[in-house]
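Before any comments, here is the structure.
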Number of protein chains: 4
Amino acid sequence: MGAGLGHDRYGKSGIRVATVRRHDDRHDFSDWTVDVRLEGDFLAAHVDGDNTEILPTDTMRGATYALAKEHSGVEIEEFGLLLTEYLLGAAPAATLAEVSIEEQPWERIEAGGEPHSHAFTRAAYRRTARVTRTREDADVSAGVADLVLLKTTDSAFRGFIKDRYTTLPETDDRILATSMTAEWRYERTGLDYRKVADEARRIAMETFARHDSKSMQHTLYAMGEAVLEGCPNVAEIRFMLPNLHHIEVDLSPYGMENHGEVFVATDRPFGLIEGTVVRRTS
Amino acid sequence: MGAGLGHDRYGKSGIRVATVRRHDDRHDFSDWTVDVRLEGDFLAAHVDGDNTEILPTDTMRGATYALAKEHSGVEIEEFGLLLTEYLLGAAPAATLAEVSIEEQPWERIEAGGEPHSHAFTRAAYRRTARVTRTREDADVSAGVADLVLLKTTDSAFRGFIKDRYTTLPETDDRILATSMTAEWRYERTGLDYRKVADEARRIAMETFARHDSKSMQHTLYAMGEAVLEGCPNVAEIRFMLPNLHHIEVDLSPYGMENHGEVFVATDRPFGLIEGTVVRRTS
Amino acid sequence: MGAGLGHDRYGKSGIRVATVRRHDDRHDFSDWTVDVRLEGDFLAAHVDGDNTEILPTDTMRGATYALAKEHSGVEIEEFGLLLTEYLLGAAPAATLAEVSIEEQPWERIEAGGEPHSHAFTRAAYRRTARVTRTREDADVSAGVADLVLLKTTDSAFRGFIKDRYTTLPETDDRILATSMTAEWRYERTGLDYRKVADEARRIAMETFARHDSKSMQHTLYAMGEAVLEGCPNVAEIRFMLPNLHHIEVDLSPYGMENHGEVFVATDRPFGLIEGTVVRRTS
Amino acid sequence: MGAGLGHDRYGKSGIRVATVRRHDDRHDFSDWTVDVRLEGDFLAAHVDGDNTEILPTDTMRGATYALAKEHSGVEIEEFGLLLTEYLLGAAPAATLAEVSIEEQPWERIEAGGEPHSHAFTRAAYRRTARVTRTREDADVSAGVADLVLLKTTDSAFRGFIKDRYTTLPETDDRILATSMTAEWRYERTGLDYRKVADEARRIAMETFARHDSKSMQHTLYAMGEAVLEGCPNVAEIRFMLPNLHHIEVDLSPYGMENHGEVFVATDRPFGLIEGTVVRRTS
């Protein structure tokens with residue numbers, strides 16, 4: 001018997017990089033958390049402890065800071081393209097570099113009825129990008145994370161399978177809530193990424209609000225279809241939608257009826273619905 | 001030698017209660033997390049295992065749901081007054097009841113250019129209230145939690161003590177950031193609590209933005225002074241302000257100068273500045 | 001243009017199930033968190049809101065509790081086999097069922113110099129299992145999560161790539177620390193899973209301690225090789241090893257030298273090393 | 001109207017300091033997280049932005065590292081005494097210094113049937129100390145944090161108040177579980193702190209195991225009484241005991257009876273029982 005190396009990868013996670021751009025009339029502020037991964041032929045490092053082909057994760061960190069300085073003002077999708085390019089250049093044994101970025105958006109504080117020039121408050125969601133680059137080409141995805149949505153009606157769940165372990169009643173009217181994580185793949189590079197990303201997020205939120213939901217899967221598909229329709233440069237979109245259950249409290253022991261008024265929000269367990277909506281060119 | 005009972009208290013933490021009010025043209029949604037505490041003479045329970053004077057924490061939970069149904073639409077300050085009143089009535093041995101509530105605000109999703117009637121997205125901060133009631137009277141406080149603020153300039157830190165462990169350079173220009181938790185005490189009950197709370201939060205944020213800061217303490221005091229000035233029914237305000245350090249990255253190893261452009265946001269350690277600003281009637 | 005459904009799956013996460021087995025002389029206690037996933041043809045649910053083929057996630061929760069009662073005392077690998085079997089039977093449209101279980105081990109409290117019969121304290125790591133079942137066969141994996149390990153010497157890192165972003169010095173002696181997550185695949189079912197799992201964990205820990213490490217990758221491979229050697233029924237093992245950096249503090253500003261005595265443990269960023277060691281039958 | 005400064009304090013939180021002591025035959029490793037607070041007359045800093053009396057929190061961090069080097073091998077109680085002494089000396093305006101330390105214990109990995117000389121695995125709880133020093137004297141406390149305990153029987157809860165919101169049934173046999181945080185005050189300094197702390201933790205755990213519990217309060221008091229009896233140098237002990245509820249699952253919808261076999265562990269809400277047991281010298 002012997003042992004061999006299967007799939008491996010390594011990198012740096014949680015590189016925090018904030019930047020300030022100092023314009024005459026205002027400052028722009030950005031706040032990123034960057035994850036970097038390399039895949040390739042790193043057999044000697046594993047088997048022999050020979051680090052000749054290893055680009056240290058500390059260098060990935062340094063390069064992130066340096067590139068953030070050199071390419072001030074770029075969007076996270078572009079930054080991912082730049083950083084993966086550096087990484088494949090610096091690590092000859094690497095066959096693939098992946099950079100994931102979470103951007104924490106900040107909104108300008110209102111002061112005197114106007115957005116302040118250099119003071120900010122943190123927004124409630126995060127914007128994401130992921131670039132995967134091989135020696136041949138690069139794939140650019142982007143998305144949102146932890147965008148929490150809730151509707152108090154227009155959500156049903158009925159007609160499902162019943163068996164000996166079924167206790168859930170059918171319902172025509174429930175609270176539907178989720179903490180949306182979505183990731184879409186761009187059909188090409190060179191886009192106004194920020195504009196597409198803002199539009200995709202807006203469409204997903206508006207569709208969630210307006211949809212007459214028969215299930216979380218049903219709403220997932222409707223959001224995906226609407227984003228693909230409204231964003232021609234999005235090739236496909238994947239959603240990860242935890243079902244943040246809100247359960248109507250049984251008030252009958254207290255001699256009261258609960259007409260959809262009082263709910264308990266539960267943490268665990270939670271449903272988790274995942275799906276990809278793809279563009280069909282028939 | 002013998003043992004005796006010193007200070008004790010007990011209660012229920014993390015009671016999640018969400019409510020929907022169904023108007024003809026819209027739904028209102030509220031999302032609270034309630035903590036309940038009782039203090040009093042519970043010696044027999046501790047020493048003898050005699051639970052005659054113990055109101056179970058499970059009953060505190062049930063009462064929270066029932067009162068949320070009965071008093072639909074009240075603000076969290078009023079709910080704290082109602083729940084503490086029930087608690088002292090239900091537990092004769094209790095001398096004090098404290099109810100703390102965190103309200104997670106939700107904002108209406110924009111759909112078709114208008115706020116949607118029944119779909120919401122979670123806001124980035126929380127609103128709080130705390131009511132402490134004895135057999136004689138009740139104290140009402142309120143505040144905000146985890147309101148994250150940042151400014152990219154107008155923040156200095158200099159003129160401090162230097163000793164053998166000092167390495168921090170003086171600075172005229174740094175990033176100042178915090179996750180604000182504030183709690184103010186109302187001078188009386190029967191107020192339009194929501195209105196005062198919104199105004200206090202607005203003033204604190206605007207003062208943070210506009211202040212020419214010499215330190216986090218300096219900004220804390222300025223915010224407190226402004227809230228007391230703008231909110232006549234606030235008797236005092238306490239802040240807990242972690243200093244979310246943003247450290248300028250040393251780019252010199254890469255042959256670059258960093259003119260306040262690239263920062264690393266650090267998690268630990270962090271400064272923690274706490275202080276109360278009180279109204280003086282001289 | 002049209003839209004279609006790509007890959008999708010759904011299930012329940014975070015099902016907490018604890019069980020007590022009441023023997024004459026002692027109680028056994030187990031503490032599991034179960035995640036369930038189904039994949040298959042759920043197109044109608046997504047596109048039309050037709051739930052005919054949907055097994056509700058609430059039913060998955062109920063089935064978990066009921067099976068835990070019926071099959072008291074089984075190991076988590078066996079439970080995954082049972083629960084996936086139920087799931088494929090209950091959901092005709094499903095082509096694959098996956099069940100992941102995290103077991104929180106509890107150790108008996110010592111009382112009077114002996115392990116207590118029914119009182120426990122929580123252990124510092126978790127044991128895991130994952131069963132993936134199709135209509136044809138089932139795959140059984142298991143592992144450990146968050147097993148935190150540290151060694152104060154016998155760890156070097158040198159001979160790596162240097163470029164313009166390199167600032168990390170080479171070192172012959174550093175602290176090496178990780179929070180180990182490992183998952184191995186069993187070569188067959190019907191094993192004494194607990195025995196193999198305990199042996200794999202023991203070997204990994206002992207190898208971590210004894211290895212003369214040239215890098216985290218080097219230690220990863222050594223641990224994998226040792227587990228494969230010592231556990232004939234393990235086909236392959238995958239590690240996810242965050243590098244919990246301990247950085248020597250620069251004490252020179254205080255006029256002191258630091259000979260590997262005082263370190264700061266950092267949270268972010270952290271290296272993340274992943275790799276699979278496979279059995280070779282040449 | 002005017003504003004004034006009420007109670008204020010400031011300091012550094014989350015200072016991570018790990019130390020290695022290199023003996024000939026083994027290494028000792030310690031892992032601390034230190035919080036520092038100062039109180040005093042810092043009015044000018046708040047009102048005028050005058051930092052003359054401010055010892056920067058960054059200096060507190062530096063002093064922590066330097067003292068850890070100078071006083072290698074001391075227990076956390078002694079370190080708190082040393083660091084508070086430095087702080088009052090360095091900050092003339094301070095009237096009180098408080099240092100809280102959480103020590104993460106690590107246990108030696110077993111290798112070849114023996115404890116390894118320099119490889120460790122993290123224990124499941126933390127040890128704490130807190131020193132509060134004024135210009136006159138110093139108070140030393142210590143404790144444990146997040147020590148999770150559970151018993152499967154010998155726990156009842158009955159005879160409590162019933163009212164219109166009561167739904168909890170009385171029980172003679174339930175699971176009792178908690179994540180213990182305890183803090184005791186030493187009667188004097190100059191003790192073998194580690195020995196007392198180990199004994200106090202052992203006694204609390206053993207008492208939890210053996211006690212015939214009528215409520216969490218009842219067990220709290222029994223643990224406190226036993227620690228005071230067994231540790232003559234402990235003046236008083238305070239417990240904070242969340243009640244980690246384990247609720248018997250209703251299996252009747254599945255046609256099964258649940259004889260205390262299957263439970264769901266819930267996260268929220270949870271009971272929270274706090275109390276101090278003091279030494280009486282009558």
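Please note that chains go A, B, ... in the order of the structure tokens, that every chain numbers its residues from 1, and that ligands are numbered from 1 in the order shown.
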
*asked:* Could you tell me which residues of chain D sit within 6 Å of chain C when counting only C-alpha atoms, and give me the result as a list in words?
replied: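 Result, ordered by chain then number: Arg16, Val17, Ala18, Thr19, Val20, Ala111, His118, Ala119, Phe120, Thr121, Arg122, Ala123, Ala124, Val148, Leu149, Leu150, Lys151, Thr152, Glu206, Ala209, Glu261, Val262, Phe263, Val264 and Ala265 of chain D.
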
Using C-alpha atoms, can you export the residues from the last selection as an mmCIF file, in the first residue's frame?
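File produced: result.cif:
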data_model
loop_
_atom_site.group_PDB
_atom_site.id
_atom_site.type_symbol
_atom_site.label_atom_id
_atom_site.label_comp_id
_atom_site.auth_asym_id
_atom_site.auth_seq_id
_atom_site.Cartn_x
_atom_site.Cartn_y
_atom_site.Cartn_z
ATOM 1 C CA ARG D 16 -4.259 38.318 22.639
ATOM 2 C CA VAL D 17 -1.020 37.202 24.243
ATOM 3 C CA ALA D 18 0.428 33.704 24.014
ATOM 4 C CA THR D 19 3.658 32.692 25.716
ATOM 5 C CA VAL D 20 6.053 29.778 25.442
ATOM 6 C CA ALA D 111 1.669 10.490 21.916
ATOM 7 C CA HIS D 118 5.442 20.496 23.052
ATOM 8 C CA ALA D 119 2.154 19.659 21.309
ATOM 9 C CA PHE D 120 -1.227 20.614 22.705
ATOM 10 C CA THR D 121 -4.971 20.485 22.090
ATOM 11 C CA ARG D 122 -7.390 23.132 23.274
ATOM 12 C CA ALA D 123 -9.497 22.395 26.341
ATOM 13 C CA ALA D 124 -13.274 22.847 26.332
ATOM 14 C CA VAL D 148 -20.822 23.173 29.689
ATOM 15 C CA LEU D 149 -22.479 20.664 32.017
ATOM 16 C CA LEU D 150 -25.467 18.345 31.602
ATOM 17 C CA LYS D 151 -27.214 15.654 33.616
ATOM 18 C CA THR D 152 -29.872 13.313 32.313
ATOM 19 C CA GLU D 206 -18.813 17.222 41.077
ATOM 20 C CA ALA D 209 -23.237 15.821 39.052
ATOM 21 C CA GLU D 261 -35.518 9.248 25.127
ATOM 22 C CA VAL D 262 -35.554 11.925 22.411
ATOM 23 C CA PHE D 263 -35.080 15.627 23.110
ATOM 24 C CA VAL D 264 -34.637 18.784 21.098
ATOM 25 C CA ALA D 265 -31.991 21.170 22.422
#

Residue contacts of Val277 of chain C (6 Å, only C-alpha atoms) excluding same-chain residues fewer than 2 positions away, as an mmCIF file with C-alpha atoms, in the first residue's frame:
data_model
loop_
_atom_site.group_PDB
_atom_site.id
_atom_site.type_symbol
_atom_site.label_atom_id
_atom_site.label_comp_id
_atom_site.auth_asym_id
_atom_site.auth_seq_id
_atom_site.Cartn_x
_atom_site.Cartn_y
_atom_site.Cartn_z
ATOM 1 C CA GLY A 4 -0.827 9.755 -2.865
ATOM 2 C CA LEU A 5 -2.061 13.323 -3.058
ATOM 3 C CA GLY A 6 -5.571 13.964 -4.340
ATOM 4 C CA GLY C 224 -3.179 11.672 5.961
ATOM 5 C CA GLU C 236 -9.100 8.613 1.484
ATOM 6 C CA ILE C 237 -8.994 11.539 3.879
#

In segment 17-209 of chain B, DSSP strand (DSSP E or B) residues written as a PyMOL selection string
chain B and resi 17-22+27-40+94-103+106-111+114-122+126-134+138-151+155+157+171+176-186

I'd like to know which residues of segment 20-178 of chain C are alpha helix (DSSP H) (by DSSP, run on the backbone); could you write them as number ranges by chain? C: 43-48, 57-70, 76-90

Write out the residues from the selection above, keeping N, CA and C atoms, as an mmCIF file, in the first residue's frame.
data_model
loop_
_atom_site.group_PDB
_atom_site.id
_atom_site.type_symbol
_atom_site.label_atom_id
_atom_site.label_comp_id
_atom_site.auth_asym_id
_atom_site.auth_seq_id
_atom_site.Cartn_x
_atom_site.Cartn_y
_atom_site.Cartn_z
ATOM 1 N N LEU C 43 -38.712 20.387 -10.834
ATOM 2 C CA LEU C 43 -38.965 21.467 -11.788
ATOM 3 C C LEU C 43 -40.336 22.111 -11.593
ATOM 4 N N ALA C 44 -41.371 21.306 -11.424
ATOM 5 C CA ALA C 44 -42.737 21.843 -11.321
ATOM 6 C C ALA C 44 -42.885 22.769 -10.116
ATOM 7 N N ALA C 45 -42.211 22.425 -9.010
ATOM 8 C CA ALA C 45 -42.282 23.282 -7.820
ATOM 9 C C ALA C 45 -41.691 24.659 -8.110
ATOM 10 N N HIS C 46 -40.584 24.671 -8.836
ATOM 11 C CA HIS C 46 -39.917 25.943 -9.126
ATOM 12 C C HIS C 46 -40.702 26.773 -10.144
ATOM 13 N N VAL C 47 -41.092 26.134 -11.233
ATOM 14 C CA VAL C 47 -41.648 26.894 -12.353
ATOM 15 C C VAL C 47 -43.137 27.187 -12.142
ATOM 16 N N ASP C 48 -43.866 26.172 -11.645
ATOM 17 C CA ASP C 48 -45.322 26.321 -11.568
ATOM 18 C C ASP C 48 -45.852 26.474 -10.141
ATOM 19 N N THR C 57 -39.609 20.151 4.314
ATOM 20 C CA THR C 57 -38.449 20.062 5.210
ATOM 21 C C THR C 57 -38.908 19.813 6.639
ATOM 22 N N ASP C 58 -40.134 20.209 6.950
ATOM 23 C CA ASP C 58 -40.656 19.928 8.290
ATOM 24 C C ASP C 58 -40.818 18.423 8.506
ATOM 25 N N THR C 59 -41.167 17.707 7.449
ATOM 26 C CA THR C 59 -41.283 16.245 7.553
ATOM 27 C C THR C 59 -39.899 15.605 7.740
ATOM 28 N N MET C 60 -38.895 16.180 7.109
ATOM 29 C CA MET C 60 -37.522 15.679 7.328
ATOM 30 C C MET C 60 -37.148 15.787 8.814
ATOM 31 N N ARG C 61 -37.547 16.895 9.414
ATOM 32 C CA ARG C 61 -37.306 17.097 10.838
ATOM 33 C C ARG C 61 -38.039 16.030 11.658
ATOM 34 N N GLY C 62 -39.310 15.822 11.381
ATOM 35 C CA GLY C 62 -40.084 14.825 12.121
ATOM 36 C C GLY C 62 -39.504 13.427 11.968
ATOM 37 N N ALA C 63 -39.105 13.088 10.746
ATOM 38 C CA ALA C 63 -38.543 11.759 10.499
ATOM 39 C C ALA C 63 -37.236 11.573 11.270
ATOM 40 N N THR C 64 -36.469 12.635 11.404
ATOM 41 C CA THR C 64 -35.217 12.546 12.157
ATOM 42 C C THR C 64 -35.487 12.163 13.606
ATOM 43 N N TYR C 65 -36.467 12.826 14.213
ATOM 44 C CA TYR C 65 -36.800 12.499 15.596
ATOM 45 C C TYR C 65 -37.322 11.066 15.715
ATOM 46 N N ALA C 66 -38.215 10.693 14.801
ATOM 47 C CA ALA C 66 -38.826 9.368 14.888
ATOM 48 C C ALA C 66 -37.788 8.259 14.687
ATOM 49 N N LEU C 67 -36.890 8.442 13.742
ATOM 50 C CA LEU C 67 -35.854 7.428 13.519
ATOM 51 C C LEU C 67 -34.876 7.365 14.691
ATOM 52 N N ALA C 68 -34.627 8.512 15.323
ATOM 53 C CA ALA C 68 -33.747 8.511 16.495
ATOM 54 C C ALA C 68 -34.359 7.689 17.623
ATOM 55 N N LYS C 69 -35.676 7.714 17.718
ATOM 56 C CA LYS C 69 -36.376 6.889 18.718
ATOM 57 C C LYS C 69 -36.315 5.408 18.340
ATOM 58 N N GLU C 70 -36.599 5.117 17.072
ATOM 59 C CA GLU C 70 -36.684 3.720 16.631
ATOM 60 C C GLU C 70 -35.328 3.011 16.647
ATOM 61 N N ILE C 76 -23.545 7.601 14.226
ATOM 62 C CA ILE C 76 -24.042 8.604 13.269
ATOM 63 C C ILE C 76 -23.927 8.131 11.824
ATOM 64 N N GLU C 77 -22.939 7.307 11.508
ATOM 65 C CA GLU C 77 -22.826 6.775 10.144
ATOM 66 C C GLU C 77 -24.044 5.907 9.817
ATOM 67 N N GLU C 78 -24.417 5.050 10.760
ATOM 68 C CA GLU C 78 -25.584 4.177 10.545
ATOM 69 C C GLU C 78 -26.859 5.005 10.459
ATOM 70 N N PHE C 79 -26.953 6.028 11.280
ATOM 71 C CA PHE C 79 -28.154 6.859 11.255
ATOM 72 C C PHE C 79 -28.288 7.558 9.898
ATOM 73 N N GLY C 80 -27.170 8.004 9.353
ATOM 74 C CA GLY C 80 -27.202 8.612 8.020
ATOM 75 C C GLY C 80 -27.694 7.633 6.967
ATOM 76 N N LEU C 81 -27.283 6.376 7.087
ATOM 77 C CA LEU C 81 -27.766 5.348 6.155
ATOM 78 C C LEU C 81 -29.273 5.157 6.281
ATOM 79 N N LEU C 82 -29.774 5.130 7.514
ATOM 80 C CA LEU C 82 -31.205 4.932 7.742
ATOM 81 C C LEU C 82 -32.025 6.119 7.257
ATOM 82 N N LEU C 83 -31.552 7.315 7.565
ATOM 83 C CA LEU C 83 -32.338 8.504 7.222
ATOM 84 C C LEU C 83 -32.353 8.735 5.708
ATOM 85 N N THR C 84 -31.227 8.511 5.035
ATOM 86 C CA THR C 84 -31.236 8.661 3.570
ATOM 87 C C THR C 84 -32.136 7.617 2.917
ATOM 88 N N GLU C 85 -32.192 6.416 3.494
ATOM 89 C CA GLU C 85 -33.074 5.383 2.944
ATOM 90 C C GLU C 85 -34.534 5.816 3.042
ATOM 91 N N TYR C 86 -34.916 6.321 4.209
ATOM 92 C CA TYR C 86 -36.273 6.843 4.354
ATOM 93 C C TYR C 86 -36.543 7.938 3.324
ATOM 94 N N LEU C 87 -35.601 8.855 3.164
ATOM 95 C CA LEU C 87 -35.827 10.039 2.323
ATOM 96 C C LEU C 87 -36.068 9.657 0.867
ATOM 97 N N LEU C 88 -35.251 8.749 0.341
ATOM 98 C CA LEU C 88 -35.455 8.346 -1.058
ATOM 99 C C LEU C 88 -36.783 7.602 -1.212
ATOM 100 N N GLY C 89 -37.189 6.876 -0.180
ATOM 101 C CA GLY C 89 -38.490 6.207 -0.229
ATOM 102 C C GLY C 89 -39.645 7.202 -0.192
ATOM 103 N N ALA C 90 -39.496 8.241 0.579
ATOM 104 C CA ALA C 90 -40.606 9.183 0.786
ATOM 105 C C ALA C 90 -40.732 10.203 -0.336
#

If you count only C-alpha atoms, the residue of C:Thr189, C:Thr219, C:Ser213, C:Thr181 closest to Arg158 of chain C turns out to be C:Ser213

*Near Glu53 of chain D, within 10 Å and counting only C-alpha atoms, which residues show up once chain neighbours fewer than 6 positions away are dropped, as a list in words?*
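Once the nearby chain positions are removed, what remains is Gly159, Phe160 and Ile161 of chain B; Gly40, Asp41, Phe42, Leu43, Ala44, Ala45, Ala90, Ala91, Pro92, Ala93 and Ala94 of chain D.
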
task = Can you work out the spacing between atom CA of Arg194 of chain C and atom CA of Leu272 of chain C in Å, to one decimal?
result =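 Atom-to-atom, atom CA of Arg194 of chain C and atom CA of Leu272 of chain C are spaced 28.2 Å apart.
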
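Distance-wise, atom CA of Gly230 of chain D and atom CA of Asp212 of chain D end up 19.3 Å apart.
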
Q.
Excluding Gly271 of chain C and its own-chain neighbours fewer than 4 positions away, which residues fall within 10 Å of it when counting only C-alpha atoms? Please give them as a list of chain:residue names.
A.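 Final neighbour list, sorted by chain and number: A:Tyr10, A:Gly11, A:Lys12, A:Ser13, A:Gly14, A:Ile15, A:Asp35, A:Val36, A:Arg37, A:Pro56, A:Thr57, A:Asp58, A:Met60, A:Arg61, C:Thr178, C:Met216, C:Leu241, C:Pro242, C:Asn243, C:Leu244, C:His245.
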
Dump as a PDB file, in the first residue's frame, selection limited to C-alpha atoms:
ATOM      1  CA  TYR A  10      -4.363  26.649  -0.392  1.00  0.00           C
ATOM      2  CA  GLY A  11      -4.538  30.360   0.151  1.00  0.00           C
ATOM      3  CA  LYS A  12      -5.291  33.225   2.489  1.00  0.00           C
ATOM      4  CA  SER A  13      -8.696  34.002   3.946  1.00  0.00           C
ATOM      5  CA  GLY A  14     -10.037  37.129   5.571  1.00  0.00           C
ATOM      6  CA  ILE A  15      -7.655  39.755   4.164  1.00  0.00           C
ATOM      7  CA  ASP A  35     -10.045  35.351   0.084  1.00  0.00           C
ATOM      8  CA  VAL A  36      -7.369  33.914  -2.211  1.00  0.00           C
ATOM      9  CA  ARG A  37      -6.896  30.295  -3.371  1.00  0.00           C
ATOM     10  CA  PRO A  56       3.438  32.081   0.785  1.00  0.00           C
ATOM     11  CA  THR A  57      -0.046  33.127   1.840  1.00  0.00           C
ATOM     12  CA  ASP A  58       1.626  36.098   3.506  1.00  0.00           C
ATOM     13  CA  MET A  60      -0.872  36.988  -1.171  1.00  0.00           C
ATOM     14  CA  ARG A  61      -1.802  39.356   1.621  1.00  0.00           C
TER      15      ARG A  61
ATOM     16  CA  THR C 178      -4.783  24.808  13.410  1.00  0.00           C
ATOM     17  CA  MET C 216       1.180  23.025   6.985  1.00  0.00           C
ATOM     18  CA  LEU C 241      -6.534  23.278   8.044  1.00  0.00           C
ATOM     19  CA  PRO C 242      -6.707  26.990   8.809  1.00  0.00           C
ATOM     20  CA  ASN C 243      -3.288  28.269   9.824  1.00  0.00           C
ATOM     21  CA  LEU C 244      -3.909  30.016  13.154  1.00  0.00           C
ATOM     22  CA  HIS C 245      -0.978  32.395  12.977  1.00  0.00           C
TER      23      HIS C 245
END
